[in-house]
Amino acid sequence: MTFSLDHVIFFGRTWDECLGMYALEEQQLAGLKVLDCPGGPDALVAEGLAKGFDMHAADPQYAFDPDVLRERGHAEITDAMKKWQEDPEQAWDQKQADDFMRLKLEALESFVDMYRSKRDRYVAASLPDLPFEERSFDLVLSGHFLFIYASLERGGLMSNESMGLDFHVAAVRELVRVGKEVRIFPTFATTGPARRQEFVQPVIDAMVADGHEVELMPADWVEGDFTEFNDLLRIRRAN
Ligand SMILES: C[S@@+](CC[C@H](N)C(=O)[O-])C[C@H]1O[C@@H](n2cnc3c(N)ncnc32)[C@H](O)[C@@H]1O
């Protein structure tokens, strides 16, 4: 059976994975006000705050309590991996699958600890409408949400078209509205032949038409076999 999803999964990456996917060195975060959107249960904000950086996250799931999210995170990781491994076209070898699970659980534990102690850094909000003023953040990071949750037919993971091109353009515009620079990862198609996900170019065109500086920039981390199009989308606001 082909792997697909009917909702956006609540799981997240570790600190090192996040720095890699956004092609950032730790010291580049110094002095910046950073938004991770959607943050999910990734460790970026938790580890960043622990290191003294000015980190914030937004995600609709932050309306829920830490224990609920911990349980949800565990269930989502386990269920998604089981389904992934059942698809002969997607399945990884056992070591790769075990490593993936271990890193997701590591990130989840780091997230839950900080979410308990610094809840004010985690804002319940949904794209394409964020409750932040224009240019509130120096750097906005958005991972494993845009492009990847397009439908299967469009190289994403979703069994439905709930996040089409219009949603993508509106969501990216909103990220650019609240930030001065936005980095989005990944840009490759997650399913089907190796290629760029098909909304990437129209989103680039819309951002260029809005007057922003846009580039595809190599990312330093990739999971699975998507290396050929392993770039992040970087957008710098014109004004
Ligand atoms: C797979 S996680 C990504 C976490 C992290 N950025 C990473 O790369 O590991 C995707 C997240 O998107 C969130 N989400 C779902 N719909 C959303 C929306 N409309 N706006 C913002 N976030 C949304 C989910 O709650 C989930 O936590």
# chains A, B, ... in the order shown; residues from 1 in each chain; ligands from 1
>>> residues_near_ligand(ligand="ligand 1", cutoff="8 Å", atoms="only C-alpha atoms and all ligand atoms", output="PyMOL selection string")
chain A and resi 7-14+18+36-42+58-61+125-128+141-145+171+185
>>> write_last_selection(atoms="C-alpha atoms", output="CSV table (one decimal), in the first residue's frame")
chain,number,residue,atom,x,y,z
A,7,HIS,CA,-3.2,15.1,8.4
A,8,VAL,CA,0.0,16.9,9.2
A,9,ILE,CA,2.0,14.8,11.6
A,10,PHE,CA,3.2,16.1,15.0
A,11,PHE,CA,6.8,15.2,14.9
A,12,GLY,CA,10.1,17.1,14.9
A,13,ARG,CA,13.8,17.2,14.3
A,14,THR,CA,16.8,17.6,16.6
A,18,CYS,CA,17.4,21.7,12.2
A,36,ASP,CA,10.2,28.4,14.2
A,37,CYS,CA,6.9,28.0,12.3
A,38,PRO,CA,5.6,25.4,12.5
A,39,GLY,CA,7.7,24.3,15.5
A,40,GLY,CA,5.9,21.1,16.2
A,41,PRO,CA,7.8,19.0,18.7
A,42,ASP,CA,11.2,19.9,17.2
A,58,ALA,CA,4.2,28.8,16.5
A,59,ASP,CA,2.1,25.7,15.8
A,60,PRO,CA,-1.7,25.0,16.2
A,61,GLN,CA,-0.8,22.1,18.5
A,125,ALA,CA,-1.3,29.7,15.8
A,126,SER,CA,-1.9,28.4,12.2
A,127,LEU,CA,-0.7,29.5,8.9
A,128,PRO,CA,-1.7,31.5,6.9
A,141,LEU,CA,12.4,29.0,9.9
A,142,SER,CA,9.8,26.7,8.5
A,143,GLY,CA,10.5,23.0,8.2
A,144,HIS,CA,8.7,19.9,7.1
A,145,PHE,CA,5.3,21.5,6.5
A,171,ALA,CA,1.4,30.8,4.0
A,185,PHE,CA,13.0,23.2,4.0
>>> closest_residue(among="A:Leu139, A:Ala170, A:Met114, A:Leu29", to="Pro66 in chain A", atoms="only C-alpha atoms")
A:Met114
>>> select_by_dssp(residues="range 50-219 of chain A", states="alpha helix (DSSP H)", output="MDAnalysis selection string")
chainID A and resid 50 66:86 94:117 165:178 200:209
>>> residues_around(residues="Leu103 in chain A", least_positions_apart="3", cutoff="12 Å", atoms="only C-alpha atoms", output="ChimeraX atom specification")
/A:11-18,41-43,74,77,96-100,106-110,223
>>> select_by_dssp(residues="range 77-218 of chain A", states="strand (DSSP E)", output="list in words")
Tyr122, Val123, Phe137, Asp138, Leu139, Val140, Leu141, Ser142, Gly143, Gly179, Lys180, Glu181, Val182, Arg183, Ile184, Phe185, Glu213, Val214, Glu215, Leu216, Met217 and Pro218 of chain A
>>> write_last_selection(atoms="N, CA and C atoms", output="PDB file, in the first residue's frame")
ATOM      1  N   TYR A 122       6.001  29.477  23.115  1.00  0.00           N
ATOM      2  CA  TYR A 122       5.290  28.607  22.159  1.00  0.00           C
ATOM      3  C   TYR A 122       3.871  29.136  21.964  1.00  0.00           C
ATOM      4  N   VAL A 123       3.607  29.675  20.784  1.00  0.00           N
ATOM      5  CA  VAL A 123       2.335  30.337  20.511  1.00  0.00           C
ATOM      6  C   VAL A 123       1.441  29.424  19.650  1.00  0.00           C
ATOM      7  N   PHE A 137      10.260  39.297  13.511  1.00  0.00           N
ATOM      8  CA  PHE A 137      11.399  38.384  13.677  1.00  0.00           C
ATOM      9  C   PHE A 137      12.489  38.672  12.638  1.00  0.00           C
ATOM     10  N   ASP A 138      13.732  38.469  13.074  1.00  0.00           N
ATOM     11  CA  ASP A 138      14.845  38.620  12.119  1.00  0.00           C
ATOM     12  C   ASP A 138      14.901  37.427  11.178  1.00  0.00           C
ATOM     13  N   LEU A 139      14.593  36.250  11.718  1.00  0.00           N
ATOM     14  CA  LEU A 139      14.732  35.024  10.933  1.00  0.00           C
ATOM     15  C   LEU A 139      13.549  34.103  11.236  1.00  0.00           C
ATOM     16  N   VAL A 140      12.877  33.660  10.175  1.00  0.00           N
ATOM     17  CA  VAL A 140      11.746  32.738  10.320  1.00  0.00           C
ATOM     18  C   VAL A 140      12.130  31.419   9.645  1.00  0.00           C
ATOM     19  N   LEU A 141      12.043  30.338  10.391  1.00  0.00           N
ATOM     20  CA  LEU A 141      12.439  29.023   9.888  1.00  0.00           C
ATOM     21  C   LEU A 141      11.204  28.134   9.796  1.00  0.00           C
ATOM     22  N   SER A 142      11.022  27.474   8.666  1.00  0.00           N
ATOM     23  CA  SER A 142       9.817  26.678   8.461  1.00  0.00           C
ATOM     24  C   SER A 142      10.200  25.335   7.856  1.00  0.00           C
ATOM     25  N   GLY A 143      10.071  24.273   8.642  1.00  0.00           N
ATOM     26  CA  GLY A 143      10.539  22.971   8.178  1.00  0.00           C
ATOM     27  C   GLY A 143       9.466  21.904   8.189  1.00  0.00           C
ATOM     28  N   GLY A 179       8.604  38.218   9.177  1.00  0.00           N
ATOM     29  CA  GLY A 179      10.056  38.117   9.305  1.00  0.00           C
ATOM     30  C   GLY A 179      10.807  38.984   8.317  1.00  0.00           C
ATOM     31  N   LYS A 180      12.111  39.088   8.532  1.00  0.00           N
ATOM     32  CA  LYS A 180      12.944  39.805   7.561  1.00  0.00           C
ATOM     33  C   LYS A 180      13.576  38.809   6.591  1.00  0.00           C
ATOM     34  N   GLU A 181      13.851  37.612   7.121  1.00  0.00           N
ATOM     35  CA  GLU A 181      14.363  36.539   6.254  1.00  0.00           C
ATOM     36  C   GLU A 181      13.624  35.246   6.601  1.00  0.00           C
ATOM     37  N   VAL A 182      13.296  34.475   5.583  1.00  0.00           N
ATOM     38  CA  VAL A 182      12.583  33.209   5.775  1.00  0.00           C
ATOM     39  C   VAL A 182      13.394  32.091   5.129  1.00  0.00           C
ATOM     40  N   ARG A 183      13.515  30.961   5.837  1.00  0.00           N
ATOM     41  CA  ARG A 183      14.135  29.771   5.229  1.00  0.00           C
ATOM     42  C   ARG A 183      13.159  28.604   5.355  1.00  0.00           C
ATOM     43  N   ILE A 184      12.894  27.960   4.220  1.00  0.00           N
ATOM     44  CA  ILE A 184      11.927  26.864   4.179  1.00  0.00           C
ATOM     45  C   ILE A 184      12.612  25.598   3.676  1.00  0.00           C
ATOM     46  N   PHE A 185      12.391  24.478   4.377  1.00  0.00           N
ATOM     47  CA  PHE A 185      12.974  23.192   3.987  1.00  0.00           C
ATOM     48  C   PHE A 185      11.917  22.116   4.208  1.00  0.00           C
ATOM     49  N   GLU A 213      13.953  39.135  -2.440  1.00  0.00           N
ATOM     50  CA  GLU A 213      15.133  38.435  -2.975  1.00  0.00           C
ATOM     51  C   GLU A 213      14.966  36.959  -2.658  1.00  0.00           C
ATOM     52  N   VAL A 214      15.044  36.119  -3.681  1.00  0.00           N
ATOM     53  CA  VAL A 214      14.752  34.695  -3.467  1.00  0.00           C
ATOM     54  C   VAL A 214      15.880  33.838  -4.027  1.00  0.00           C
ATOM     55  N   GLU A 215      16.261  32.802  -3.275  1.00  0.00           N
ATOM     56  CA  GLU A 215      17.248  31.860  -3.823  1.00  0.00           C
ATOM     57  C   GLU A 215      17.010  30.464  -3.267  1.00  0.00           C
ATOM     58  N   LEU A 216      17.428  29.465  -4.037  1.00  0.00           N
ATOM     59  CA  LEU A 216      17.500  28.098  -3.548  1.00  0.00           C
ATOM     60  C   LEU A 216      18.933  27.893  -3.078  1.00  0.00           C
ATOM     61  N   MET A 217      19.091  27.394  -1.871  1.00  0.00           N
ATOM     62  CA  MET A 217      20.428  27.343  -1.254  1.00  0.00           C
ATOM     63  C   MET A 217      20.647  25.919  -0.722  1.00  0.00           C
ATOM     64  N   PRO A 218      21.813  25.319  -0.927  1.00  0.00           N
ATOM     65  CA  PRO A 218      22.008  23.925  -0.487  1.00  0.00           C
ATOM     66  C   PRO A 218      21.817  23.779   1.023  1.00  0.00           C
TER      67      PRO A 218
END
>>> closest_residue(among="A:Glu86, A:Asp113, A:Glu174, A:Glu228", to="Ala50 in chain A", atoms="only C-alpha atoms")
A:Asp113
>>> residues_around(residues="Met55 in chain A", least_positions_apart="3", cutoff="8 Å", atoms="only C-alpha atoms", output="VMD selection string")
chain A and resid 33 to 36 45 48 to 49 121
>>> write_last_selection(atoms="N, CA and C atoms", output="PDB file, in the first residue's frame")
ATOM      1  N   LYS A  33      16.229  37.522  16.637  1.00  0.00           N
ATOM      2  CA  LYS A  33      14.957  37.036  17.158  1.00  0.00           C
ATOM      3  C   LYS A  33      14.419  36.042  16.123  1.00  0.00           C
ATOM      4  N   VAL A  34      14.260  34.795  16.547  1.00  0.00           N
ATOM      5  CA  VAL A  34      13.987  33.709  15.600  1.00  0.00           C
ATOM      6  C   VAL A  34      12.596  33.113  15.843  1.00  0.00           C
ATOM      7  N   LEU A  35      11.866  32.875  14.745  1.00  0.00           N
ATOM      8  CA  LEU A  35      10.582  32.158  14.829  1.00  0.00           C
ATOM      9  C   LEU A  35      10.702  30.831  14.097  1.00  0.00           C
ATOM     10  N   ASP A  36      10.273  29.767  14.751  1.00  0.00           N
ATOM     11  CA  ASP A  36      10.211  28.429  14.157  1.00  0.00           C
ATOM     12  C   ASP A  36       8.726  28.142  13.906  1.00  0.00           C
ATOM     13  N   VAL A  45      13.760  25.249  19.215  1.00  0.00           N
ATOM     14  CA  VAL A  45      13.498  26.320  20.191  1.00  0.00           C
ATOM     15  C   VAL A  45      14.012  25.904  21.572  1.00  0.00           C
ATOM     16  N   GLY A  48      17.808  25.943  21.504  1.00  0.00           N
ATOM     17  CA  GLY A  48      18.230  27.324  21.277  1.00  0.00           C
ATOM     18  C   GLY A  48      18.055  28.170  22.523  1.00  0.00           C
ATOM     19  N   LEU A  49      16.922  28.021  23.204  1.00  0.00           N
ATOM     20  CA  LEU A  49      16.703  28.773  24.452  1.00  0.00           C
ATOM     21  C   LEU A  49      17.737  28.352  25.496  1.00  0.00           C
ATOM     22  N   ARG A 121       7.008  30.924  25.143  1.00  0.00           N
ATOM     23  CA  ARG A 121       7.767  30.949  23.874  1.00  0.00           C
ATOM     24  C   ARG A 121       7.051  30.171  22.767  1.00  0.00           C
TER      25      ARG A 121
END
>>> closest_residue(among="A:Pro193, A:Pro88, A:Gly31, A:Gly164", to="Leu146 in chain A", atoms="only C-alpha atoms")
A:Gly164
>>> decode(residues="range 23-137 of chain A", atoms="C-alpha atoms", output="PDB file, in the first residue's frame")
ATOM      1  CA  ALA A  23      22.129  25.625   6.488  1.00  0.00           C
ATOM      2  CA  LEU A  24      22.896  27.577   9.653  1.00  0.00           C
ATOM      3  CA  GLU A  25      25.889  27.612  11.959  1.00  0.00           C
ATOM      4  CA  GLU A  26      24.965  27.962  15.616  1.00  0.00           C
ATOM      5  CA  GLN A  27      26.742  31.307  16.005  1.00  0.00           C
ATOM      6  CA  GLN A  28      24.648  32.855  13.194  1.00  0.00           C
ATOM      7  CA  LEU A  29      21.658  32.840  15.575  1.00  0.00           C
ATOM      8  CA  ALA A  30      23.356  35.152  18.069  1.00  0.00           C
ATOM      9  CA  GLY A  31      21.497  38.458  18.407  1.00  0.00           C
ATOM     10  CA  LEU A  32      18.599  37.346  16.184  1.00  0.00           C
ATOM     11  CA  LYS A  33      14.957  37.036  17.158  1.00  0.00           C
ATOM     12  CA  VAL A  34      13.987  33.709  15.600  1.00  0.00           C
ATOM     13  CA  LEU A  35      10.582  32.158  14.829  1.00  0.00           C
ATOM     14  CA  ASP A  36      10.211  28.429  14.157  1.00  0.00           C
ATOM     15  CA  CYS A  37       6.889  27.957  12.324  1.00  0.00           C
ATOM     16  CA  PRO A  38       5.607  25.359  12.539  1.00  0.00           C
ATOM     17  CA  GLY A  39       7.746  24.308  15.484  1.00  0.00           C
ATOM     18  CA  GLY A  40       5.875  21.057  16.178  1.00  0.00           C
ATOM     19  CA  PRO A  41       7.816  19.005  18.703  1.00  0.00           C
ATOM     20  CA  ASP A  42      11.211  19.859  17.238  1.00  0.00           C
ATOM     21  CA  ALA A  43      14.165  20.659  19.485  1.00  0.00           C
ATOM     22  CA  LEU A  44      15.166  23.922  17.769  1.00  0.00           C
ATOM     23  CA  VAL A  45      13.498  26.320  20.191  1.00  0.00           C
ATOM     24  CA  ALA A  46      14.198  24.166  23.262  1.00  0.00           C
ATOM     25  CA  GLU A  47      17.931  23.778  22.569  1.00  0.00           C
ATOM     26  CA  GLY A  48      18.230  27.324  21.277  1.00  0.00           C
ATOM     27  CA  LEU A  49      16.703  28.773  24.452  1.00  0.00           C
ATOM     28  CA  ALA A  50      18.983  26.568  26.554  1.00  0.00           C
ATOM     29  CA  LYS A  51      21.945  28.039  24.650  1.00  0.00           C
ATOM     30  CA  GLY A  52      20.729  31.598  25.278  1.00  0.00           C
ATOM     31  CA  PHE A  53      19.250  32.417  21.844  1.00  0.00           C
ATOM     32  CA  ASP A  54      16.026  34.397  21.394  1.00  0.00           C
ATOM     33  CA  MET A  55      13.783  31.627  20.081  1.00  0.00           C
ATOM     34  CA  HIS A  56      10.000  31.477  19.541  1.00  0.00           C
ATOM     35  CA  ALA A  57       7.721  28.900  17.959  1.00  0.00           C
ATOM     36  CA  ALA A  58       4.207  28.805  16.523  1.00  0.00           C
ATOM     37  CA  ASP A  59       2.070  25.743  15.821  1.00  0.00           C
ATOM     38  CA  PRO A  60      -1.663  24.961  16.154  1.00  0.00           C
ATOM     39  CA  GLN A  61      -0.844  22.090  18.510  1.00  0.00           C
ATOM     40  CA  TYR A  62       0.474  24.499  21.151  1.00  0.00           C
ATOM     41  CA  ALA A  63      -3.142  24.914  22.280  1.00  0.00           C
ATOM     42  CA  PHE A  64      -2.629  21.602  24.135  1.00  0.00           C
ATOM     43  CA  ASP A  65      -0.920  20.713  27.407  1.00  0.00           C
ATOM     44  CA  PRO A  66       2.562  19.154  27.562  1.00  0.00           C
ATOM     45  CA  ASP A  67       1.379  15.684  28.589  1.00  0.00           C
ATOM     46  CA  VAL A  68      -1.146  15.574  25.751  1.00  0.00           C
ATOM     47  CA  LEU A  69       1.529  16.587  23.228  1.00  0.00           C
ATOM     48  CA  ARG A  70       4.053  14.110  24.616  1.00  0.00           C
ATOM     49  CA  GLU A  71       1.583  11.282  24.185  1.00  0.00           C
ATOM     50  CA  ARG A  72       0.493  12.545  20.748  1.00  0.00           C
ATOM     51  CA  GLY A  73       4.104  12.867  19.643  1.00  0.00           C
ATOM     52  CA  HIS A  74       4.913   9.285  20.647  1.00  0.00           C
ATOM     53  CA  ALA A  75       1.811   7.921  18.913  1.00  0.00           C
ATOM     54  CA  GLU A  76       2.414   9.909  15.700  1.00  0.00           C
ATOM     55  CA  ILE A  77       6.052   8.816  15.398  1.00  0.00           C
ATOM     56  CA  THR A  78       5.218   5.155  15.985  1.00  0.00           C
ATOM     57  CA  ASP A  79       2.187   5.074  13.666  1.00  0.00           C
ATOM     58  CA  ALA A  80       3.855   6.997  10.835  1.00  0.00           C
ATOM     59  CA  MET A  81       6.971   4.809  10.900  1.00  0.00           C
ATOM     60  CA  LYS A  82       4.899   1.632  10.913  1.00  0.00           C
ATOM     61  CA  LYS A  83       2.957   2.826   7.841  1.00  0.00           C
ATOM     62  CA  TRP A  84       6.141   4.016   6.083  1.00  0.00           C
ATOM     63  CA  GLN A  85       7.852   0.650   6.617  1.00  0.00           C
ATOM     64  CA  GLU A  86       4.804  -1.191   5.242  1.00  0.00           C
ATOM     65  CA  ASP A  87       5.184   0.563   1.867  1.00  0.00           C
ATOM     66  CA  PRO A  88       7.662  -1.495  -0.204  1.00  0.00           C
ATOM     67  CA  GLU A  89       8.497   1.550  -2.345  1.00  0.00           C
ATOM     68  CA  GLN A  90       9.361   3.769   0.634  1.00  0.00           C
ATOM     69  CA  ALA A  91      10.570   1.364   3.341  1.00  0.00           C
ATOM     70  CA  TRP A  92      14.025   1.997   4.826  1.00  0.00           C
ATOM     71  CA  ASP A  93      16.422  -0.619   6.156  1.00  0.00           C
ATOM     72  CA  GLN A  94      15.941  -1.306   9.842  1.00  0.00           C
ATOM     73  CA  LYS A  95      18.925   0.742  11.000  1.00  0.00           C
ATOM     74  CA  GLN A  96      17.745   3.838   9.135  1.00  0.00           C
ATOM     75  CA  ALA A  97      14.224   3.381  10.526  1.00  0.00           C
ATOM     76  CA  ASP A  98      15.556   2.903  14.086  1.00  0.00           C
ATOM     77  CA  ASP A  99      17.776   6.009  13.787  1.00  0.00           C
ATOM     78  CA  PHE A 100      14.852   8.060  12.492  1.00  0.00           C
ATOM     79  CA  MET A 101      12.649   6.987  15.436  1.00  0.00           C
ATOM     80  CA  ARG A 102      15.414   7.606  17.981  1.00  0.00           C
ATOM     81  CA  LEU A 103      16.073  11.160  16.735  1.00  0.00           C
ATOM     82  CA  LYS A 104      12.351  12.039  16.648  1.00  0.00           C
ATOM     83  CA  LEU A 105      11.906  10.774  20.215  1.00  0.00           C
ATOM     84  CA  GLU A 106      15.022  12.662  21.341  1.00  0.00           C
ATOM     85  CA  ALA A 107      13.632  15.890  19.821  1.00  0.00           C
ATOM     86  CA  LEU A 108      10.197  15.265  21.363  1.00  0.00           C
ATOM     87  CA  GLU A 109      11.622  14.881  24.893  1.00  0.00           C
ATOM     88  CA  SER A 110      13.699  18.037  24.515  1.00  0.00           C
ATOM     89  CA  PHE A 111      10.610  19.928  23.233  1.00  0.00           C
ATOM     90  CA  VAL A 112       8.297  18.722  26.032  1.00  0.00           C
ATOM     91  CA  ASP A 113      10.733  19.747  28.798  1.00  0.00           C
ATOM     92  CA  MET A 114      11.076  23.305  27.471  1.00  0.00           C
ATOM     93  CA  TYR A 115       7.382  23.535  26.554  1.00  0.00           C
ATOM     94  CA  ARG A 116       6.604  22.810  30.206  1.00  0.00           C
ATOM     95  CA  SER A 117       8.972  25.433  31.578  1.00  0.00           C
ATOM     96  CA  LYS A 118       8.808  28.236  28.947  1.00  0.00           C
ATOM     97  CA  ARG A 119       5.286  27.958  27.550  1.00  0.00           C
ATOM     98  CA  ASP A 120       5.238  31.670  26.667  1.00  0.00           C
ATOM     99  CA  ARG A 121       7.767  30.949  23.874  1.00  0.00           C
ATOM    100  CA  TYR A 122       5.290  28.607  22.159  1.00  0.00           C
ATOM    101  CA  VAL A 123       2.335  30.337  20.511  1.00  0.00           C
ATOM    102  CA  ALA A 124      -0.763  28.443  19.316  1.00  0.00           C
ATOM    103  CA  ALA A 125      -1.287  29.689  15.756  1.00  0.00           C
ATOM    104  CA  SER A 126      -1.949  28.426  12.217  1.00  0.00           C
ATOM    105  CA  LEU A 127      -0.706  29.509   8.856  1.00  0.00           C
ATOM    106  CA  PRO A 128      -1.681  31.463   6.871  1.00  0.00           C
ATOM    107  CA  ASP A 129      -2.611  33.837   9.771  1.00  0.00           C
ATOM    108  CA  LEU A 130      -0.021  34.440  12.442  1.00  0.00           C
ATOM    109  CA  PRO A 131      -0.670  36.681  15.474  1.00  0.00           C
ATOM    110  CA  PHE A 132       2.554  38.679  15.082  1.00  0.00           C
ATOM    111  CA  GLU A 133       3.255  42.207  13.909  1.00  0.00           C
ATOM    112  CA  GLU A 134       4.958  42.842  10.608  1.00  0.00           C
ATOM    113  CA  ARG A 135       8.730  42.231  10.811  1.00  0.00           C
ATOM    114  CA  SER A 136       8.559  40.835  14.351  1.00  0.00           C
ATOM    115  CA  PHE A 137      11.399  38.384  13.677  1.00  0.00           C
TER     116      PHE A 137
END
